[in-house]
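run_20.cif (mmCIF, N, CA and C atoms)
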data_my_file
#
loop_
_atom_site.label_atom_id
_atom_site.label_comp_id
_atom_site.auth_asym_id
_atom_site.auth_seq_id
_atom_site.Cartn_x
_atom_site.Cartn_y
_atom_site.Cartn_z
N LEU P 630 0.82 -1.20 0.00
CA LEU P 630 0.00 0.00 0.00
C LEU P 630 0.86 1.26 0.00
N ASP P 631 2.04 1.16 0.61
CA ASP P 631 2.92 2.33 0.60
C ASP P 631 3.52 2.56 -0.78
N ALA P 632 3.67 1.52 -1.57
CA ALA P 632 4.30 1.64 -2.89
C ALA P 632 3.31 2.09 -3.96
N LEU P 633 2.03 1.81 -3.79
CA LEU P 633 1.03 2.13 -4.80
C LEU P 633 0.33 3.43 -4.46
N ASP P 634 0.27 4.31 -5.44
CA ASP P 634 -0.43 5.59 -5.27
C ASP P 634 -1.77 5.49 -5.98
N PRO P 635 -2.89 5.51 -5.25
CA PRO P 635 -4.20 5.40 -5.89
C PRO P 635 -4.48 6.53 -6.88
N GLU P 636 -3.77 7.63 -6.73
CA GLU P 636 -3.96 8.74 -7.67
C GLU P 636 -3.11 8.55 -8.94
N ASP P 637 -2.18 7.59 -8.91
CA ASP P 637 -1.30 7.34 -10.05
C ASP P 637 -1.03 5.84 -10.16
N ILE P 638 -2.09 5.07 -10.37
CA ILE P 638 -1.95 3.62 -10.42
C ILE P 638 -1.04 3.20 -11.58
N ALA P 639 -1.24 3.79 -12.75
CA ALA P 639 -0.42 3.41 -13.91
C ALA P 639 1.06 3.66 -13.65
N GLY P 640 1.38 4.74 -12.95
CA GLY P 640 2.77 5.08 -12.70
C GLY P 640 3.40 4.34 -11.54
N THR P 641 2.58 3.76 -10.64
CA THR P 641 3.13 3.13 -9.44
C THR P 641 2.82 1.64 -9.31
N ALA P 642 2.03 1.07 -10.23
CA ALA P 642 1.67 -0.35 -10.15
C ALA P 642 2.89 -1.25 -10.18
N ALA P 643 3.87 -0.92 -10.99
CA ALA P 643 5.08 -1.75 -11.08
C ALA P 643 5.79 -1.80 -9.73
N ALA P 644 5.85 -0.68 -9.03
CA ALA P 644 6.48 -0.66 -7.71
C ALA P 644 5.69 -1.52 -6.73
N GLY P 645 4.36 -1.48 -6.81
CA GLY P 645 3.53 -2.31 -5.95
C GLY P 645 3.74 -3.79 -6.22
N ARG P 646 3.81 -4.16 -7.51
CA ARG P 646 4.07 -5.56 -7.86
C ARG P 646 5.45 -6.00 -7.38
N ALA P 647 6.43 -5.11 -7.47
CA ALA P 647 7.78 -5.45 -7.00
C ALA P 647 7.78 -5.75 -5.51
N GLU P 648 7.00 -4.98 -4.73
CA GLU P 648 6.91 -5.23 -3.29
C GLU P 648 6.31 -6.60 -2.99
N LEU P 649 5.42 -7.05 -3.84
CA LEU P 649 4.73 -8.32 -3.62
C LEU P 649 5.38 -9.50 -4.33
N SER P 650 6.44 -9.28 -5.07
CA SER P 650 7.00 -10.32 -5.93
C SER P 650 7.37 -11.59 -5.16
N ALA P 651 7.96 -11.48 -3.99
CA ALA P 651 8.36 -12.67 -3.24
C ALA P 651 7.13 -13.48 -2.80
N VAL P 652 6.11 -12.81 -2.35
CA VAL P 652 4.89 -13.49 -1.91
C VAL P 652 4.19 -14.13 -3.10
N LEU P 653 4.10 -13.40 -4.21
CA LEU P 653 3.42 -13.94 -5.38
C LEU P 653 4.19 -15.10 -6.01
N ALA P 654 5.50 -15.13 -5.85
CA ALA P 654 6.32 -16.20 -6.43
C ALA P 654 6.31 -17.47 -5.60
N ALA P 655 5.92 -17.39 -4.34
CA ALA P 655 5.91 -18.57 -3.48
C ALA P 655 4.81 -19.53 -3.93
N PRO P 656 5.12 -20.82 -4.05
CA PRO P 656 4.10 -21.78 -4.48
C PRO P 656 3.08 -22.02 -3.37
N ALA P 657 1.86 -22.26 -3.78
CA ALA P 657 0.82 -22.63 -2.82
C ALA P 657 0.95 -24.11 -2.52
N TYR P 658 0.68 -24.48 -1.31
CA TYR P 658 0.69 -25.88 -0.92
C TYR P 658 -0.62 -26.52 -1.36
N ALA P 659 -0.59 -27.78 -1.65
CA ALA P 659 -1.79 -28.50 -2.09
C ALA P 659 -2.92 -28.37 -1.08
N SER P 660 -2.57 -28.24 0.19
CA SER P 660 -3.60 -28.15 1.22
C SER P 660 -4.00 -26.71 1.53
N ALA P 661 -3.44 -25.76 0.80
CA ALA P 661 -3.71 -24.36 1.11
C ALA P 661 -5.15 -23.96 0.82
N HIS P 662 -5.75 -24.57 -0.18
CA HIS P 662 -7.12 -24.21 -0.56
C HIS P 662 -7.93 -25.47 -0.83
N ARG P 663 -9.16 -25.40 -0.51
CA ARG P 663 -10.09 -26.46 -0.87
C ARG P 663 -11.30 -25.78 -1.51
N ILE P 664 -11.58 -26.15 -2.72
CA ILE P 664 -12.67 -25.52 -3.46
C ILE P 664 -13.80 -26.53 -3.62
N HIS P 665 -15.01 -26.08 -3.35
CA HIS P 665 -16.20 -26.91 -3.50
C HIS P 665 -17.14 -26.22 -4.48
N ALA P 666 -17.68 -26.97 -5.38
CA ALA P 666 -18.71 -26.47 -6.29
C ALA P 666 -20.02 -27.14 -5.90
N VAL P 667 -21.02 -26.34 -5.67
CA VAL P 667 -22.33 -26.85 -5.25
C VAL P 667 -23.38 -26.27 -6.18
N GLY P 668 -24.22 -27.14 -6.72
CA GLY P 668 -25.29 -26.69 -7.59
C GLY P 668 -26.35 -25.94 -6.80
N HIS P 669 -27.02 -25.01 -7.48
CA HIS P 669 -28.09 -24.25 -6.85
C HIS P 669 -28.97 -23.68 -7.95
N ALA P 670 -30.25 -23.62 -7.71
CA ALA P 670 -31.19 -23.00 -8.65
C ALA P 670 -31.92 -21.89 -7.92
N HIS P 671 -31.85 -20.70 -8.48
CA HIS P 671 -32.60 -19.59 -7.88
C HIS P 671 -34.01 -19.62 -8.45
N ILE P 672 -34.98 -19.86 -7.62
CA ILE P 672 -36.37 -19.92 -8.05
C ILE P 672 -37.13 -18.84 -7.30
N ASP P 673 -37.60 -17.82 -8.03
CA ASP P 673 -38.42 -16.78 -7.40
C ASP P 673 -39.78 -17.38 -7.06
N SER P 674 -40.21 -17.21 -5.83
CA SER P 674 -41.44 -17.84 -5.39
C SER P 674 -42.70 -17.26 -6.02
N ALA P 675 -42.70 -16.01 -6.33
CA ALA P 675 -43.88 -15.40 -6.97
C ALA P 675 -43.43 -14.14 -7.70
N TRP P 676 -42.89 -14.33 -8.87
CA TRP P 676 -42.35 -13.17 -9.59
C TRP P 676 -43.33 -12.75 -10.66
N LEU P 677 -43.23 -13.27 -11.86
CA LEU P 677 -44.14 -12.90 -12.93
C LEU P 677 -45.04 -14.06 -13.34
N TRP P 678 -45.26 -14.96 -12.43
CA TRP P 678 -46.12 -16.10 -12.70
C TRP P 678 -46.91 -16.42 -11.43
N PRO P 679 -47.97 -17.20 -11.54
CA PRO P 679 -48.75 -17.57 -10.36
C PRO P 679 -47.94 -18.46 -9.41
N VAL P 680 -48.30 -18.42 -8.15
CA VAL P 680 -47.60 -19.22 -7.14
C VAL P 680 -47.68 -20.70 -7.49
N ARG P 681 -48.81 -21.16 -8.04
CA ARG P 681 -48.93 -22.58 -8.41
C ARG P 681 -47.86 -22.97 -9.43
N GLU P 682 -47.46 -22.04 -10.30
CA GLU P 682 -46.41 -22.33 -11.26
C GLU P 682 -45.06 -22.48 -10.56
N THR P 683 -44.84 -21.71 -9.50
CA THR P 683 -43.59 -21.85 -8.74
C THR P 683 -43.51 -23.24 -8.12
N ALA P 684 -44.63 -23.72 -7.57
CA ALA P 684 -44.64 -25.07 -6.98
C ALA P 684 -44.29 -26.11 -8.04
N ARG P 685 -44.78 -25.92 -9.27
CA ARG P 685 -44.44 -26.85 -10.36
C ARG P 685 -42.97 -26.73 -10.74
N LYS P 686 -42.46 -25.49 -10.78
CA LYS P 686 -41.05 -25.28 -11.12
C LYS P 686 -40.13 -25.92 -10.07
N VAL P 687 -40.52 -25.81 -8.82
CA VAL P 687 -39.73 -26.43 -7.74
C VAL P 687 -39.71 -27.95 -7.95
N ALA P 688 -40.87 -28.54 -8.21
CA ALA P 688 -40.94 -29.98 -8.40
C ALA P 688 -40.10 -30.42 -9.60
N ARG P 689 -40.19 -29.70 -10.71
CA ARG P 689 -39.41 -30.06 -11.90
C ARG P 689 -37.91 -29.91 -11.64
N THR P 690 -37.54 -28.81 -11.00
CA THR P 690 -36.12 -28.57 -10.72
C THR P 690 -35.57 -29.64 -9.79
N PHE P 691 -36.29 -29.93 -8.71
CA PHE P 691 -35.81 -30.92 -7.75
C PHE P 691 -35.78 -32.32 -8.39
N ALA P 692 -36.77 -32.65 -9.23
CA ALA P 692 -36.77 -33.95 -9.91
C ALA P 692 -35.55 -34.06 -10.83
N ASN P 693 -35.23 -33.00 -11.56
CA ASN P 693 -34.05 -33.01 -12.43
C ASN P 693 -32.78 -33.17 -11.62
N VAL P 694 -32.70 -32.48 -10.50
CA VAL P 694 -31.52 -32.56 -9.65
C VAL P 694 -31.36 -33.96 -9.07
N LEU P 695 -32.46 -34.57 -8.66
CA LEU P 695 -32.39 -35.94 -8.13
C LEU P 695 -31.89 -36.91 -9.18
N GLU P 696 -32.31 -36.71 -10.42
CA GLU P 696 -31.83 -37.57 -11.52
C GLU P 696 -30.32 -37.38 -11.71
N LEU P 697 -29.86 -36.13 -11.66
CA LEU P 697 -28.42 -35.87 -11.77
C LEU P 697 -27.65 -36.53 -10.63
N MET P 698 -28.22 -36.51 -9.44
CA MET P 698 -27.57 -37.15 -8.28
C MET P 698 -27.48 -38.66 -8.47
N ASP P 699 -28.53 -39.25 -9.04
CA ASP P 699 -28.50 -40.69 -9.28
C ASP P 699 -27.43 -41.04 -10.32
N GLN P 700 -27.25 -40.17 -11.30
CA GLN P 700 -26.24 -40.40 -12.34
C GLN P 700 -24.83 -40.14 -11.84
N GLU P 701 -24.69 -39.15 -10.96
CA GLU P 701 -23.37 -38.74 -10.48
C GLU P 701 -23.41 -38.60 -8.96
N PRO P 702 -23.00 -39.64 -8.22
CA PRO P 702 -23.08 -39.62 -6.76
C PRO P 702 -22.30 -38.48 -6.09
N GLY P 703 -21.35 -37.88 -6.78
CA GLY P 703 -20.59 -36.77 -6.21
C GLY P 703 -21.27 -35.42 -6.38
N PHE P 704 -22.39 -35.40 -7.10
CA PHE P 704 -23.09 -34.14 -7.34
C PHE P 704 -23.81 -33.69 -6.07
N VAL P 705 -23.60 -32.43 -5.69
CA VAL P 705 -24.24 -31.86 -4.50
C VAL P 705 -25.03 -30.64 -4.93
N PHE P 706 -26.22 -30.49 -4.37
CA PHE P 706 -27.12 -29.39 -4.71
C PHE P 706 -27.61 -28.75 -3.41
N ALA P 707 -27.70 -27.43 -3.40
CA ALA P 707 -28.22 -26.71 -2.24
C ALA P 707 -29.48 -25.95 -2.64
N ALA P 708 -30.47 -25.99 -1.79
CA ALA P 708 -31.71 -25.24 -2.01
C ALA P 708 -32.04 -24.51 -0.71
N SER P 709 -32.46 -23.26 -0.84
CA SER P 709 -32.51 -22.42 0.35
C SER P 709 -33.90 -21.96 0.79
N SER P 710 -34.95 -22.29 0.09
CA SER P 710 -36.25 -21.76 0.48
C SER P 710 -37.09 -22.81 1.22
N ALA P 711 -37.37 -22.53 2.46
CA ALA P 711 -38.20 -23.44 3.26
C ALA P 711 -39.59 -23.59 2.64
N GLN P 712 -40.11 -22.53 2.04
CA GLN P 712 -41.43 -22.61 1.41
C GLN P 712 -41.43 -23.60 0.26
N HIS P 713 -40.34 -23.68 -0.46
CA HIS P 713 -40.27 -24.63 -1.58
C HIS P 713 -40.35 -26.07 -1.08
N TYR P 714 -39.67 -26.35 0.04
CA TYR P 714 -39.76 -27.69 0.63
C TYR P 714 -41.19 -27.97 1.08
N CYS P 715 -41.85 -26.97 1.63
CA CYS P 715 -43.23 -27.12 2.10
C CYS P 715 -44.16 -27.44 0.94
N TRP P 716 -44.03 -26.71 -0.17
CA TRP P 716 -44.85 -26.99 -1.35
C TRP P 716 -44.57 -28.38 -1.89
N LEU P 717 -43.30 -28.76 -1.92
CA LEU P 717 -42.94 -30.08 -2.42
C LEU P 717 -43.58 -31.17 -1.56
N LYS P 718 -43.50 -31.01 -0.24
CA LYS P 718 -44.09 -31.99 0.67
C LYS P 718 -45.61 -32.05 0.48
N GLN P 719 -46.23 -30.90 0.27
CA GLN P 719 -47.68 -30.82 0.12
C GLN P 719 -48.16 -31.39 -1.22
N HIS P 720 -47.49 -31.03 -2.31
CA HIS P 720 -47.97 -31.38 -3.65
C HIS P 720 -47.31 -32.61 -4.27
N GLN P 721 -46.09 -32.92 -3.83
CA GLN P 721 -45.34 -34.04 -4.41
C GLN P 721 -44.67 -34.85 -3.29
N PRO P 722 -45.45 -35.52 -2.44
CA PRO P 722 -44.87 -36.19 -1.27
C PRO P 722 -43.83 -37.26 -1.62
N ALA P 723 -44.01 -37.98 -2.71
CA ALA P 723 -43.02 -39.00 -3.09
C ALA P 723 -41.70 -38.35 -3.47
N LEU P 724 -41.78 -37.25 -4.18
CA LEU P 724 -40.57 -36.52 -4.56
C LEU P 724 -39.90 -35.93 -3.32
N PHE P 725 -40.72 -35.44 -2.39
CA PHE P 725 -40.18 -34.91 -1.13
C PHE P 725 -39.40 -35.99 -0.38
N GLU P 726 -39.92 -37.22 -0.37
CA GLU P 726 -39.23 -38.32 0.31
C GLU P 726 -37.89 -38.63 -0.36
N ARG P 727 -37.85 -38.52 -1.69
CA ARG P 727 -36.58 -38.73 -2.40
C ARG P 727 -35.58 -37.65 -2.02
N VAL P 728 -36.06 -36.40 -1.88
CA VAL P 728 -35.18 -35.31 -1.44
C VAL P 728 -34.65 -35.61 -0.05
N ARG P 729 -35.52 -36.08 0.84
CA ARG P 729 -35.09 -36.41 2.21
C ARG P 729 -33.99 -37.47 2.20
N GLU P 730 -34.11 -38.44 1.32
CA GLU P 730 -33.07 -39.48 1.22
C GLU P 730 -31.73 -38.86 0.80
N LYS P 731 -31.79 -37.94 -0.16
CA LYS P 731 -30.56 -37.30 -0.63
C LYS P 731 -29.99 -36.35 0.42
N VAL P 732 -30.86 -35.78 1.25
CA VAL P 732 -30.38 -34.94 2.36
C VAL P 732 -29.59 -35.82 3.32
N ARG P 733 -30.15 -36.96 3.67
CA ARG P 733 -29.46 -37.90 4.57
C ARG P 733 -28.14 -38.38 3.98
N ALA P 734 -28.08 -38.51 2.65
CA ALA P 734 -26.86 -38.96 1.98
C ALA P 734 -25.83 -37.85 1.82
N GLY P 735 -26.25 -36.60 2.11
CA GLY P 735 -25.32 -35.47 2.00
C GLY P 735 -25.23 -34.86 0.62
N GLN P 736 -26.09 -35.28 -0.29
CA GLN P 736 -26.06 -34.72 -1.64
C GLN P 736 -26.98 -33.52 -1.80
N PHE P 737 -28.07 -33.48 -1.08
CA PHE P 737 -29.04 -32.39 -1.17
C PHE P 737 -28.91 -31.60 0.13
N VAL P 738 -28.52 -30.35 0.02
CA VAL P 738 -28.21 -29.56 1.21
C VAL P 738 -29.25 -28.46 1.40
N PRO P 739 -30.10 -28.57 2.43
CA PRO P 739 -31.00 -27.47 2.75
C PRO P 739 -30.16 -26.32 3.33
N ALA P 740 -30.25 -25.18 2.72
CA ALA P 740 -29.45 -24.03 3.15
C ALA P 740 -30.36 -22.88 3.55
N GLY P 741 -29.96 -22.13 4.53
CA GLY P 741 -30.74 -20.95 4.92
C GLY P 741 -31.96 -21.31 5.73
N GLY P 742 -33.09 -21.40 5.08
CA GLY P 742 -34.33 -21.72 5.77
C GLY P 742 -35.26 -20.53 5.88
N MET P 743 -35.03 -19.50 5.10
CA MET P 743 -35.89 -18.31 5.17
C MET P 743 -37.27 -18.62 4.61
N TRP P 744 -38.29 -18.09 5.24
CA TRP P 744 -39.64 -18.19 4.73
C TRP P 744 -39.88 -16.98 3.91
#
What would you get if you wrote out this structure as structure tokens?
Amino acid sequence: LDALDPEDIAGTAAAGRAELSAVLAAPAYASAHRIHAVGHAHIDSAWLWPVRETARKVARTFANVLELMDQEPGFVFAASSAQHYCWLKQHQPALFERVREKVRAGQFVPAGGMW
């Protein structure tokens, strides 16, 4: 920060990089970072369609995700709306039970829980 002048970035960036050169040149250890990719679908509960359509979209999305999980056991999906789980349980109880199985298996991750 002492080497870089925010008022003259073009003229001082090289000096800033020089200050950081030793740190930037050091190799990262294999254990330094762990990256996880988790699937997620943003489903608006009542945007420009009727609420009943959202319940159908939730069921279709979750059914597709369950199929992907069956094909690829390492696939993990997170869903964050408690209302979506409620609709699924109410309108598609068999599908809800399949989601519960995947939750127990660690593939389907309920996140948040906002109503």
| task | Work out how far apart CA of Lys731 in chain P and CA of Ser710 in chain P are and give it in Å to one decimal. | result | 16.6 Å
| message | If we draw a sphere of 8 Å around (-31.1, -19.6, -6.3), which residues have at least one atom in it when counting all atoms listed in the file? Please report them as an NGL selection string. | response | :P and (668-673 or 707-710)
| task | Quick one: pull the distance between CA of Val705 in chain P and CA of Phe737 in chain P, Å, one decimal. | result | 5.9 Å
| task | May I have all residues of chain P that DSSP, computed from the backbone, assigns to alpha helix (DSSP H), given as a PyMOL selection string? | result | chain P and resi 638-654+680-700+711-720+722-734
| request: Please identify which residues in range 679-739 of chain P DSSP calls strand (DSSP E or B) from the backbone, and express them as a list in words. | output: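 After running DSSP on the backbone, range 679-739 of chain P has strand (DSSP E or B) at Phe706, Ala707, Ala708, Ser709, Ser710, Phe737, Val738 and Pro739 of chain P.
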| Which distance in Å separates CA of Lys718 in chain P and CA of Gln736 in chain P, to one decimal? | 18.4 Å
| query | Could you name the residues that touch Met698 in chain P at 12 Å or less, counting only C-alpha atoms, but leaving out those on the same chain fewer than 4 positions away, as a PyMOL selection string? | reply | chain P and resi 667-668+691-694+702-706+727-728+730-732+734-737
| Spatial neighbours of Thr683 in chain P, max dist 9 Å, only C-alpha atoms, sep filter under 4 positions, as an MDAnalysis selection string | chainID P and resid 672:676 678:679 687:688 713
| request: Give me the result of the PyMOL selection byres ((chain P and resi 631) around 8) on this file, residue by residue, as a ChimeraX atom specification. | output: /P:630,632-634,644-645
